[in-house]
Amino acid sequence: MRKRIIFDYIRQQDAKPLKRAGLLLFILIFPMAEVIAQSRIDTPEFRARRKDMVQAQIVARGVKDPRILDAMTAVPRHAFVPNHLHRSAYSDRPLPIGESQTISQPYIVALMTNILNLSGDDRVLEVGTGSGYQAAVLARVARDVHTVEIKEKLCRRAAKALADLEFDNIQTRCGDGYFGWPEAAPFDAIMITAAVDHIPPPLIKQLKEGGRLALPLGNPFVFQNLVLVTKVNQDIKVENITGVLFVPMTGQALKRR
Amino acid sequence: MLLTLVFLVSFAALVFEVLLTRIFSIAQWHHLTFMVISIALFGFAASGTCLGILESRLGGWVKKLTRPAGLGMLASGYTFSTVIVFLILSRLPLDYFRLPVEPIQAFYLAAVYLLPAIPFFIAGLTISLAYAHRPEWSGRIYFVNMAGSALGAFFPLLFLPFLREEQLSVLAAFAPLVILFVGGDKEAKKNMSKRIEEVQTLENHRSQHQALSKRHRYILISMGILVVATTLSPWASSFFRIRPTSYKDLGRIRQFPDTRIVDTVYGIRGRIDTVESPYLRYAPGLSLKWTEPVSASLALFKDGDGRLVLYEPTLEKARRWAPYTLSWAGYVLADHPRRILLMIHDGGTAVACAAAADPSDLTIVVDHPVMAEIMSAHYRRPVAAASSAEFLARSQKKYDLIQVENWGSSLAGTAALTQDHAFTIEQLGRYQDHLTSDGVLVFTRRLKLPPADMIRLWAAAFLSLKRQGITVPSNHLAILRNWDTFTLIVSVRPLKSVDTLKEFTRNRNFDPVFLPQLKPEDANRFNRFDQPYHYLEIERLARAFRASDPKAFLGAYLLDTTPQSDRRPFPNSYLKWTRLREIFETTGSRFYSLFLSGEIIVAVVLIEAILISIFLLSLPVMFGMHTGHLRVTRSGYFLSVGAGFILSEMYFIKAYTYIFGDPLISFTVVLTGLLVFSGIGGFFSQHLSNNRLTPCLAGLIGLLSALFLFHDSITGKLLHLPLVARYAIAGLLLLPTGFLMGLAFPIGMRDLLDSPSQRAKAWAVNGCASVVSAVASAQIALTAGIPVLILIGAFTYAIALICFIKIKHSLIHG
């Protein structure tokens, strides 16, 4: 309705072309900015649903680390999903975020964070930023987080979302996470949030002694095991945690087994 | 004209059936094609039911459709329905995995399922029309039907190396249109002079047809040429191109930059795509301790899956990382093997291992001729093309190490129906016969949880060692694993370098699963599960074998892990129907994972086939169609004849797969041979009194029973012969069987039935029996073994014989 009034006004005023273009731009940008601003707003309703989510989906399934529970309670998950999915943001399932990718189920985010056993002073690398939600949760339980995303659109969108929420200990990069982030290595912990059918050797190289790597390992198109890889005395140990279903990791990861 | 059309339609329908199997094998998974093809073939049976109903309710349809215009309509209907169905199938974005989240996928699935039935319906209608219209020609009709089908079975073998599956399918679909350029049949012309009314009608139609043809033949010919040229053009190649599902290895690889298909070779044994990528890296079983790049220059894919990787031609870099693979354990145990034999199905790391061992004599055998040729050119060394059974049967050489590399399908369950003799007890014995006194046999496979393959392979190795006269077989066996693969080592001598093997395992961060004096805590150190499941189950299995009571363990185990034999060679089939619920829960309670399993697909299709058969056969009753009703004995006769033919055919296909080393070669040989010989039988039956059928059927039952009794000795002896002799003797074995099988159906059509609608119904009964028995035969072979198929085939022919005697008796005594 508001748009229509403004259009009529432009027509009636017979505004000059430049003025008209400026007005049109305003009309297009204003509602978008409004929606974007709204998407970041954390209402009491969202906060209440987040609390319910943590209790019903995470605590009930055995994740008890108070720092992780605090992080999951604090990070507004709805800010990382498309606007039309705000209502489902706290439901017990993954959600599509575009580019054939998903934001993981809240429990999986908590579980993967939990198995990394972070101390609060760790440097973490995340491969597969996706929506940016996992990086936001990690940033609240680690010293700093480096996150890499191969899909340009997702990468930019996540970087924007994280900046809007003022996470200053997260660094984002658009690129192939298969090669990790050699300049920032070594890391105390690495997390791959997309399915891979092998453990990328460059990531093992970038782990500190005693470092942990969590990843969904297995056929990227069917189901995987959530796996924790640890580097102890130059030995590599692989521990199977549970069965999961992730979207595939793209890029270099699919070129090697 | 009618017989010509029967021939052309039979030819085109069989080409379409064979190529549909190929197309679905490439685009989807082979076992899913089973589902689609079975439904398509119901088109044949449905045509009989439909014609029966039309004829009995309305009358005159058989006459109408057998006129030139009717036949022309059938031919055009077949051609255009095939092309349209093919176009729709090739462009439908079907994705089984999205079914739970995308309702439209159910529609796509239904379309893929039902559309192929349309051309088969028209083909079936044409053949059943011929029987209904000219019962006195039953032998001839049967002959041309079989001859057309035989040519159709052989056609793809001849032309696939030159044209793609999709191009051949479209081209063959145009064959029935040839009828538009053929005049009326001689028999009809003879009758015209005798029956004036008919002459007038036929003349009218003929003149109409001629008038039409004069005007339109040139247009039709031009259109035909245009279609053929278009189909063969590069534009059509991309338009019709069949692409593998993104769930297959090739589909996944192609999604990424710098990756391209550099060559594609088409053939009846599968489409081989050669993929080039500067970043292609593949080394299953590689230790995580190796963190440097693994270079590979090419990857070969068979029907979009089963990746075989070729590393740099000199294998210089590969020699460095190969000692970090799990398979290298065998080389450690063999201690500098000089003579090495590699039996490769897919993978490719075996070549790197062998190169690193630097043997004086290296023999590489690849089971696909095109892959063998490409590998040979790439590494510039001879590579033999043969199945493992075939190669060993004809070789006398001994080796210090034999490595079998066969990773199988990239999705577990999809290979459940695959017949593979590489892992049978007998084959393990043959490997051992080719090892020197210090020889070592190495298998590396995917690690599964719950353990299945590992248990089956250990048990097969144990039994084969026992058959070799070894008193404590477990002292000759070792298993190691990493996070996704395991290696089984069989040593001719009792394992001596156990400490060296343990040291290797420790250094590479692998875990031992079965070794002498192994402690449980050492079996779950580097690649940890919440319990050392693999170690525990193999220990229980070993205890059961030591106590000579393996059946107790195998019977109680969640999966069917019974070691496979040459009679039942299905190494990827693990389903136990009695434990289905537990298996479903253990594998994540996902329905789609059930539908990845070949055994489940077979069961679903079998139930479907039985339900559709009941529906089709009871449809005439629902329509109140009583004239042309078939009595139980007549139905029983055509049911048994249909089932007996297919069961015997399926037996030969599976038995010859062992002899020729490839299911598609076997399929082509058997189908062509049996159809030709049964066609000759049908032609011969034209002049054979039905009194002679009883001894012929008795002879056939005797022949099939003899094949059951002497299955092992026949297949065993044939395997040792040169290829030409194998083809010749295999063909000779098909001759009497095919000939005798070809008598029963046409004689029955000619002498045991009274009306066109009865014949149409008999055609439907026979069609339903064929489809149900084709599906059932897959299940019978999986559970009871291949030779049982021919025994049941003999049994069904015995039922046919009893029915025949009863019908004859009732005919004589009114």
# chains A, B, ... in the order shown; residues from 1 in each chain; ligands from 1
>>> residues_around(residues="Ile141 of chain B", least_positions_apart="3", cutoff="9 Å", atoms="only C-alpha atoms", output="ChimeraX atom specification")
/B:3,6-7,127,130-131,134-135,137-138,144-146,682-683,746
>>> select_by_dssp(residues="segment 51-257 of chain A", states="helix (DSSP H, G or I)", output="compact mmCIF listing (two decimals) with N, CA, C and O atoms, in the first residue's frame")
# COMPACT_ATOMS: atom_id res chain seq x y z
N LYS A 51 15.33 -20.99 24.77
CA LYS A 51 15.49 -21.68 26.06
C LYS A 51 14.85 -23.07 25.98
O LYS A 51 15.42 -24.05 26.43
N ASP A 52 13.65 -23.10 25.40
CA ASP A 52 12.96 -24.39 25.24
C ASP A 52 13.80 -25.34 24.39
O ASP A 52 13.91 -26.52 24.68
N MET A 53 14.36 -24.78 23.30
CA MET A 53 15.19 -25.59 22.40
C MET A 53 16.35 -26.23 23.17
O MET A 53 16.63 -27.42 23.04
N VAL A 54 17.02 -25.42 23.97
CA VAL A 54 18.20 -25.91 24.69
C VAL A 54 17.79 -27.03 25.66
O VAL A 54 18.44 -28.07 25.72
N GLN A 55 16.70 -26.82 26.36
CA GLN A 55 16.27 -27.83 27.33
C GLN A 55 15.79 -29.11 26.63
O GLN A 55 16.23 -30.21 26.96
N ALA A 56 14.88 -28.92 25.67
CA ALA A 56 14.22 -30.10 25.07
C ALA A 56 15.10 -30.84 24.08
O ALA A 56 15.03 -32.08 23.98
N GLN A 57 15.96 -30.12 23.37
CA GLN A 57 16.71 -30.79 22.30
C GLN A 57 18.15 -31.10 22.68
O GLN A 57 18.74 -32.04 22.15
N ILE A 58 18.72 -30.29 23.56
CA ILE A 58 20.15 -30.43 23.81
C ILE A 58 20.43 -31.06 25.17
O ILE A 58 21.08 -32.11 25.25
N VAL A 59 19.91 -30.45 26.22
CA VAL A 59 20.13 -31.01 27.57
C VAL A 59 19.53 -32.42 27.63
O VAL A 59 20.16 -33.35 28.13
N ALA A 60 18.32 -32.55 27.09
CA ALA A 60 17.64 -33.86 27.15
C ALA A 60 18.43 -34.95 26.45
O ALA A 60 18.29 -36.13 26.77
N ARG A 61 19.29 -34.55 25.49
CA ARG A 61 20.06 -35.57 24.76
C ARG A 61 21.46 -35.73 25.33
O ARG A 61 22.31 -36.39 24.72
N PRO A 66 27.91 -26.28 30.59
CA PRO A 66 27.17 -25.02 30.75
C PRO A 66 27.59 -23.93 29.76
O PRO A 66 26.77 -23.12 29.33
N ARG A 67 28.87 -23.95 29.34
CA ARG A 67 29.32 -22.91 28.39
C ARG A 67 28.66 -23.10 27.04
O ARG A 67 28.27 -22.13 26.37
N ILE A 68 28.52 -24.35 26.65
CA ILE A 68 27.85 -24.62 25.36
C ILE A 68 26.36 -24.29 25.47
O ILE A 68 25.78 -23.67 24.57
N LEU A 69 25.76 -24.66 26.58
CA LEU A 69 24.33 -24.38 26.75
C LEU A 69 24.10 -22.86 26.77
O LEU A 69 23.13 -22.36 26.18
N ASP A 70 25.04 -22.13 27.43
CA ASP A 70 24.92 -20.66 27.44
C ASP A 70 25.02 -20.10 26.02
O ASP A 70 24.26 -19.21 25.63
N ALA A 71 26.00 -20.65 25.27
CA ALA A 71 26.20 -20.17 23.90
C ALA A 71 24.96 -20.44 23.05
O ALA A 71 24.52 -19.56 22.29
N MET A 72 24.41 -21.63 23.19
CA MET A 72 23.22 -21.98 22.41
C MET A 72 22.02 -21.14 22.82
O MET A 72 21.15 -20.84 22.00
N THR A 73 21.99 -20.74 24.11
CA THR A 73 20.88 -19.90 24.59
C THR A 73 21.07 -18.46 24.11
O THR A 73 20.09 -17.76 23.84
N ALA A 74 22.32 -18.05 23.97
CA ALA A 74 22.60 -16.64 23.64
C ALA A 74 22.51 -16.34 22.14
O ALA A 74 22.03 -15.28 21.74
N ARG A 77 19.54 -17.98 16.72
CA ARG A 77 19.58 -18.88 15.54
C ARG A 77 18.74 -18.32 14.39
O ARG A 77 19.08 -18.47 13.22
N HIS A 78 17.64 -17.64 14.72
CA HIS A 78 16.77 -17.14 13.66
C HIS A 78 17.48 -16.09 12.79
O HIS A 78 17.08 -15.84 11.66
N ALA A 79 18.54 -15.50 13.35
CA ALA A 79 19.28 -14.49 12.58
C ALA A 79 20.11 -15.12 11.47
O ALA A 79 20.63 -14.42 10.60
N PHE A 80 20.21 -16.44 11.47
CA PHE A 80 21.04 -17.12 10.48
C PHE A 80 20.22 -17.92 9.46
O PHE A 80 20.79 -18.61 8.63
N ASN A 83 14.41 -15.36 6.14
CA ASN A 83 13.28 -14.77 6.87
C ASN A 83 12.04 -15.66 6.92
O ASN A 83 11.39 -15.77 7.94
N HIS A 84 11.75 -16.30 5.79
CA HIS A 84 10.51 -17.09 5.77
C HIS A 84 10.59 -18.33 6.66
O HIS A 84 9.59 -19.00 6.87
N LEU A 85 11.77 -18.62 7.18
CA LEU A 85 11.91 -19.80 8.05
C LEU A 85 12.10 -19.42 9.53
O LEU A 85 12.43 -20.27 10.35
N HIS A 86 11.91 -18.12 9.84
CA HIS A 86 12.09 -17.68 11.24
C HIS A 86 11.28 -18.52 12.22
O HIS A 86 11.75 -18.88 13.29
N ARG A 87 10.08 -18.85 11.83
CA ARG A 87 9.20 -19.59 12.73
C ARG A 87 9.74 -20.98 13.03
O ARG A 87 9.48 -21.55 14.08
N SER A 88 10.50 -21.53 12.07
CA SER A 88 11.03 -22.89 12.26
C SER A 88 12.45 -22.88 12.81
O SER A 88 13.06 -23.94 12.95
N PRO A 106 19.95 -28.02 15.74
CA PRO A 106 20.60 -27.44 16.92
C PRO A 106 21.40 -28.46 17.74
O PRO A 106 22.50 -28.17 18.20
N TYR A 107 20.85 -29.67 17.89
CA TYR A 107 21.55 -30.68 18.69
C TYR A 107 22.91 -31.02 18.08
O TYR A 107 23.90 -31.19 18.80
N ILE A 108 22.97 -31.14 16.76
CA ILE A 108 24.23 -31.50 16.10
C ILE A 108 25.26 -30.38 16.31
O ILE A 108 26.44 -30.64 16.55
N VAL A 109 24.80 -29.11 16.26
CA VAL A 109 25.70 -27.98 16.50
C VAL A 109 26.28 -28.09 17.91
O VAL A 109 27.50 -27.98 18.13
N ALA A 110 25.41 -28.37 18.87
CA ALA A 110 25.86 -28.48 20.26
C ALA A 110 26.79 -29.69 20.43
O ALA A 110 27.84 -29.60 21.09
N LEU A 111 26.39 -30.81 19.81
CA LEU A 111 27.18 -32.04 19.95
C LEU A 111 28.58 -31.87 19.36
O LEU A 111 29.59 -32.26 19.98
N MET A 112 28.65 -31.28 18.17
CA MET A 112 29.96 -31.10 17.53
C MET A 112 30.84 -30.15 18.34
O MET A 112 32.04 -30.34 18.45
N THR A 113 30.22 -29.12 18.90
CA THR A 113 30.97 -28.19 19.73
C THR A 113 31.46 -28.93 20.98
O THR A 113 32.61 -28.77 21.41
N ASN A 114 30.58 -29.74 21.53
CA ASN A 114 30.89 -30.47 22.76
C ASN A 114 32.06 -31.43 22.58
O ASN A 114 32.96 -31.49 23.42
N ILE A 115 32.06 -32.17 21.46
CA ILE A 115 33.11 -33.19 21.30
C ILE A 115 34.49 -32.56 21.07
O ILE A 115 35.50 -33.23 21.26
N TYR A 133 26.07 -19.81 11.79
CA TYR A 133 25.55 -20.09 13.12
C TYR A 133 26.54 -20.89 13.97
O TYR A 133 26.80 -20.55 15.13
N GLN A 134 27.11 -21.94 13.38
CA GLN A 134 28.08 -22.76 14.13
C GLN A 134 29.28 -21.91 14.56
O GLN A 134 29.75 -22.02 15.69
N ALA A 135 29.74 -21.04 13.67
CA ALA A 135 30.88 -20.17 14.00
C ALA A 135 30.52 -19.26 15.17
O ALA A 135 31.33 -19.03 16.07
N ALA A 136 29.27 -18.76 15.18
CA ALA A 136 28.82 -17.88 16.26
C ALA A 136 28.82 -18.62 17.60
O ALA A 136 29.25 -18.08 18.62
N VAL A 137 28.35 -19.88 17.57
CA VAL A 137 28.33 -20.68 18.80
C VAL A 137 29.77 -20.94 19.26
O VAL A 137 30.10 -20.80 20.44
N LEU A 138 30.62 -21.31 18.30
CA LEU A 138 32.03 -21.58 18.63
C LEU A 138 32.70 -20.33 19.23
O LEU A 138 33.48 -20.43 20.18
N ALA A 139 32.37 -19.17 18.67
CA ALA A 139 33.01 -17.93 19.10
C ALA A 139 32.72 -17.62 20.56
O ALA A 139 33.47 -16.89 21.20
N GLU A 152 30.48 -18.64 -2.47
CA GLU A 152 30.65 -17.18 -2.34
C GLU A 152 29.45 -16.48 -1.68
O GLU A 152 29.62 -15.70 -0.75
N LYS A 153 28.27 -16.81 -2.16
CA LYS A 153 27.06 -16.13 -1.66
C LYS A 153 26.88 -16.39 -0.18
O LYS A 153 26.61 -15.49 0.60
N LEU A 154 27.03 -17.66 0.18
CA LEU A 154 26.86 -18.03 1.59
C LEU A 154 27.92 -17.35 2.44
O LEU A 154 27.66 -16.88 3.53
N CYS A 155 29.14 -17.34 1.90
CA CYS A 155 30.27 -16.77 2.61
C CYS A 155 29.99 -15.30 2.96
O CYS A 155 30.14 -14.87 4.10
N ARG A 156 29.55 -14.55 1.95
CA ARG A 156 29.30 -13.12 2.16
C ARG A 156 28.13 -12.91 3.12
O ARG A 156 28.17 -12.07 4.00
N ARG A 157 27.10 -13.72 2.94
CA ARG A 157 25.91 -13.58 3.78
C ARG A 157 26.25 -13.88 5.24
O ARG A 157 25.83 -13.17 6.15
N ALA A 158 27.04 -14.95 5.44
CA ALA A 158 27.41 -15.33 6.81
C ALA A 158 28.29 -14.26 7.44
O ALA A 158 28.11 -13.90 8.62
N ALA A 159 29.24 -13.73 6.66
CA ALA A 159 30.14 -12.70 7.18
C ALA A 159 29.33 -11.48 7.64
O ALA A 159 29.59 -10.89 8.69
N LYS A 160 28.32 -11.15 6.85
CA LYS A 160 27.46 -10.00 7.17
C LYS A 160 26.67 -10.29 8.46
O LYS A 160 26.60 -9.44 9.37
N ALA A 161 26.10 -11.47 8.54
CA ALA A 161 25.31 -11.82 9.73
C ALA A 161 26.17 -11.77 10.99
O ALA A 161 25.75 -11.26 12.02
N LEU A 162 27.38 -12.31 10.87
CA LEU A 162 28.28 -12.34 12.04
C LEU A 162 28.72 -10.93 12.42
O LEU A 162 28.82 -10.60 13.61
N ALA A 163 28.96 -10.09 11.41
CA ALA A 163 29.36 -8.70 11.68
C ALA A 163 28.20 -7.94 12.33
O ALA A 163 28.41 -7.18 13.28
N ASP A 164 26.99 -8.17 11.83
CA ASP A 164 25.82 -7.50 12.40
C ASP A 164 25.63 -7.85 13.88
O ASP A 164 25.17 -7.04 14.67
N GLY A 177 37.89 -24.96 1.85
CA GLY A 177 38.33 -25.31 3.20
C GLY A 177 39.18 -26.56 3.26
O GLY A 177 39.78 -26.85 4.29
N TYR A 178 39.23 -27.31 2.14
CA TYR A 178 40.03 -28.53 2.12
C TYR A 178 41.47 -28.24 2.53
O TYR A 178 42.14 -29.05 3.16
N PHE A 179 41.95 -27.05 2.14
CA PHE A 179 43.35 -26.69 2.43
C PHE A 179 43.50 -25.96 3.76
O PHE A 179 44.59 -25.52 4.11
N PRO A 182 46.35 -22.13 6.26
CA PRO A 182 47.74 -22.36 6.67
C PRO A 182 48.38 -21.19 7.41
O PRO A 182 49.12 -21.38 8.36
N GLU A 183 48.03 -19.94 7.00
CA GLU A 183 48.65 -18.76 7.65
C GLU A 183 48.25 -18.65 9.11
O GLU A 183 49.02 -18.10 9.91
N ALA A 184 47.08 -19.14 9.45
CA ALA A 184 46.61 -19.00 10.83
C ALA A 184 46.91 -20.26 11.65
O ALA A 184 46.65 -20.29 12.84
N PRO A 201 44.13 -34.40 4.55
CA PRO A 201 45.46 -34.37 5.17
C PRO A 201 45.94 -32.97 5.56
O PRO A 201 46.53 -32.82 6.63
N PRO A 202 45.66 -31.90 4.74
CA PRO A 202 46.14 -30.58 5.15
C PRO A 202 45.58 -30.15 6.51
O PRO A 202 46.24 -29.43 7.26
N LEU A 203 44.39 -30.60 6.83
CA LEU A 203 43.79 -30.21 8.11
C LEU A 203 44.50 -30.92 9.26
O LEU A 203 44.69 -30.34 10.33
N ILE A 204 44.89 -32.16 9.04
CA ILE A 204 45.63 -32.89 10.09
C ILE A 204 46.96 -32.19 10.35
O ILE A 204 47.39 -32.03 11.49
N LYS A 205 47.55 -31.74 9.25
CA LYS A 205 48.83 -31.02 9.37
C LYS A 205 48.67 -29.74 10.20
O LYS A 205 49.59 -29.33 10.91
N GLY A 251 34.15 -28.86 -3.37
CA GLY A 251 35.53 -28.43 -3.60
C GLY A 251 36.49 -29.60 -3.58
O GLY A 251 36.15 -30.71 -3.96
N GLN A 252 37.66 -29.34 -3.12
CA GLN A 252 38.75 -30.30 -3.18
C GLN A 252 38.45 -31.61 -2.46
O GLN A 252 38.93 -32.65 -2.84
N ALA A 253 37.62 -31.51 -1.42
CA ALA A 253 37.33 -32.69 -0.61
C ALA A 253 36.79 -33.84 -1.43
O ALA A 253 37.07 -35.00 -1.15
N LEU A 254 36.03 -33.52 -2.44
CA LEU A 254 35.43 -34.59 -3.23
C LEU A 254 36.38 -35.14 -4.27
O LEU A 254 36.04 -36.04 -5.02
N LYS A 255 37.57 -34.61 -4.32
CA LYS A 255 38.51 -35.07 -5.33
C LYS A 255 39.50 -36.07 -4.77
O LYS A 255 40.42 -36.49 -5.43
>>> interface_residues(of="chain B", to="chain A", cutoff="6 Å", atoms="only C-alpha atoms", output="PDB file with N, CA and C atoms, in the first residue's frame")
ATOM      1  N   LEU B 280      42.623 -34.885  -8.791  1.00  0.00           N
ATOM      2  CA  LEU B 280      42.024 -36.173  -8.452  1.00  0.00           C
ATOM      3  C   LEU B 280      42.920 -36.940  -7.478  1.00  0.00           C
ATOM      4  N   ARG B 281      42.383 -37.242  -6.307  1.00  0.00           N
ATOM      5  CA  ARG B 281      43.208 -37.917  -5.300  1.00  0.00           C
ATOM      6  C   ARG B 281      42.397 -39.064  -4.702  1.00  0.00           C
ATOM      7  N   TYR B 282      42.957 -40.245  -4.729  1.00  0.00           N
ATOM      8  CA  TYR B 282      42.192 -41.421  -4.309  1.00  0.00           C
ATOM      9  C   TYR B 282      43.150 -42.503  -3.876  1.00  0.00           C
ATOM     10  N   ALA B 283      43.084 -42.891  -2.652  1.00  0.00           N
ATOM     11  CA  ALA B 283      43.899 -43.996  -2.160  1.00  0.00           C
ATOM     12  C   ALA B 283      43.212 -44.613  -0.952  1.00  0.00           C
ATOM     13  N   THR B 291      50.612 -37.432   5.037  1.00  0.00           N
ATOM     14  CA  THR B 291      49.898 -36.153   4.877  1.00  0.00           C
ATOM     15  C   THR B 291      50.311 -35.413   3.604  1.00  0.00           C
ATOM     16  N   PHE B 526      43.466 -46.997  17.518  1.00  0.00           N
ATOM     17  CA  PHE B 526      43.611 -45.800  16.676  1.00  0.00           C
ATOM     18  C   PHE B 526      42.321 -45.430  15.936  1.00  0.00           C
ATOM     19  N   ASN B 527      41.523 -46.404  15.643  1.00  0.00           N
ATOM     20  CA  ASN B 527      40.271 -46.165  14.925  1.00  0.00           C
ATOM     21  C   ASN B 527      39.162 -46.722  15.803  1.00  0.00           C
ATOM     22  N   ARG B 528      38.715 -45.877  16.722  1.00  0.00           N
ATOM     23  CA  ARG B 528      37.938 -46.365  17.849  1.00  0.00           C
ATOM     24  C   ARG B 528      36.426 -46.332  17.615  1.00  0.00           C
ATOM     25  N   PHE B 529      35.783 -47.443  17.962  1.00  0.00           N
ATOM     26  CA  PHE B 529      34.333 -47.467  18.113  1.00  0.00           C
ATOM     27  C   PHE B 529      34.077 -47.576  19.613  1.00  0.00           C
TER      28      PHE B 529
END
>>> atom_distance(atom1="atom CA of Ser295 of chain B", atom2="atom CA of Arg254 of chain B")
18.0 Å
>>> closest_residue(among="B:Leu488, B:Ile479, B:Val383, B:Val9", to="Phe514 of chain B", atoms="only C-alpha atoms")
B:Ile479
>>> residues_around(residues="Gly175 of chain A", least_positions_apart="2", cutoff="8 Å", atoms="only C-alpha atoms", output="ChimeraX atom specification")
/A:148-152,173,177
>>> select_by_dssp(residues="segment 108-142 of chain A", states="strand (DSSP E or B)", output="number ranges by chain")
A: 123-127
>>> write_last_selection(atoms="C-alpha atoms", output="compact mmCIF listing (two decimals), in the first residue's frame")
# COMPACT_ATOMS: atom_id res chain seq x y z
CA ARG A 123 41.93 -21.24 18.44
CA VAL A 124 39.39 -22.96 16.20
CA LEU A 125 39.10 -23.45 12.46
CA GLU A 126 35.69 -24.15 11.01
CA VAL A 127 35.46 -25.57 7.48
>>> closest_residue(among="B:Ala75, B:Ala69, B:Leu14, B:Val351", to="Phe155 of chain B", atoms="only C-alpha atoms")
B:Leu14
>>> decode(residues="segment 525-540 of chain B", atoms="N, CA and C atoms", output="short mmCIF file (atom, residue, chain, number, x, y, z; two decimals), in the first residue's frame")
data_model
loop_
_atom_site.label_atom_id
_atom_site.label_comp_id
_atom_site.auth_asym_id
_atom_site.auth_seq_id
_atom_site.Cartn_x
_atom_site.Cartn_y
_atom_site.Cartn_z
N ARG B 525 42.45 -49.18 19.10
CA ARG B 525 43.35 -48.15 19.62
C ARG B 525 43.33 -46.86 18.81
N PHE B 526 43.47 -47.00 17.52
CA PHE B 526 43.61 -45.80 16.68
C PHE B 526 42.32 -45.43 15.94
N ASN B 527 41.52 -46.40 15.64
CA ASN B 527 40.27 -46.16 14.92
C ASN B 527 39.16 -46.72 15.80
N ARG B 528 38.72 -45.88 16.72
CA ARG B 528 37.94 -46.36 17.85
C ARG B 528 36.43 -46.33 17.61
N PHE B 529 35.78 -47.44 17.96
CA PHE B 529 34.33 -47.47 18.11
C PHE B 529 34.08 -47.58 19.61
N ASP B 530 32.83 -47.41 20.06
CA ASP B 530 32.61 -47.50 21.50
C ASP B 530 32.93 -48.90 22.04
N GLN B 531 32.99 -49.87 21.14
CA GLN B 531 33.48 -51.21 21.50
C GLN B 531 34.25 -51.77 20.30
N PRO B 532 35.18 -52.69 20.54
CA PRO B 532 35.90 -53.25 19.37
C PRO B 532 35.04 -54.28 18.65
N TYR B 533 33.96 -53.79 18.01
CA TYR B 533 32.96 -54.68 17.42
C TYR B 533 33.55 -55.71 16.47
N HIS B 534 34.44 -55.26 15.60
CA HIS B 534 34.97 -56.16 14.57
C HIS B 534 35.79 -57.27 15.22
N TYR B 535 36.62 -56.88 16.17
CA TYR B 535 37.44 -57.87 16.89
C TYR B 535 36.53 -58.88 17.61
N LEU B 536 35.52 -58.35 18.33
CA LEU B 536 34.65 -59.23 19.13
C LEU B 536 33.91 -60.24 18.25
N GLU B 537 33.38 -59.76 17.13
CA GLU B 537 32.61 -60.67 16.28
C GLU B 537 33.51 -61.70 15.61
N ILE B 538 34.68 -61.29 15.17
CA ILE B 538 35.58 -62.26 14.52
C ILE B 538 36.08 -63.27 15.54
N GLU B 539 36.32 -62.82 16.77
CA GLU B 539 36.73 -63.75 17.83
C GLU B 539 35.63 -64.79 18.08
N ARG B 540 34.38 -64.30 18.13
CA ARG B 540 33.25 -65.23 18.36
C ARG B 540 33.14 -66.22 17.20
#
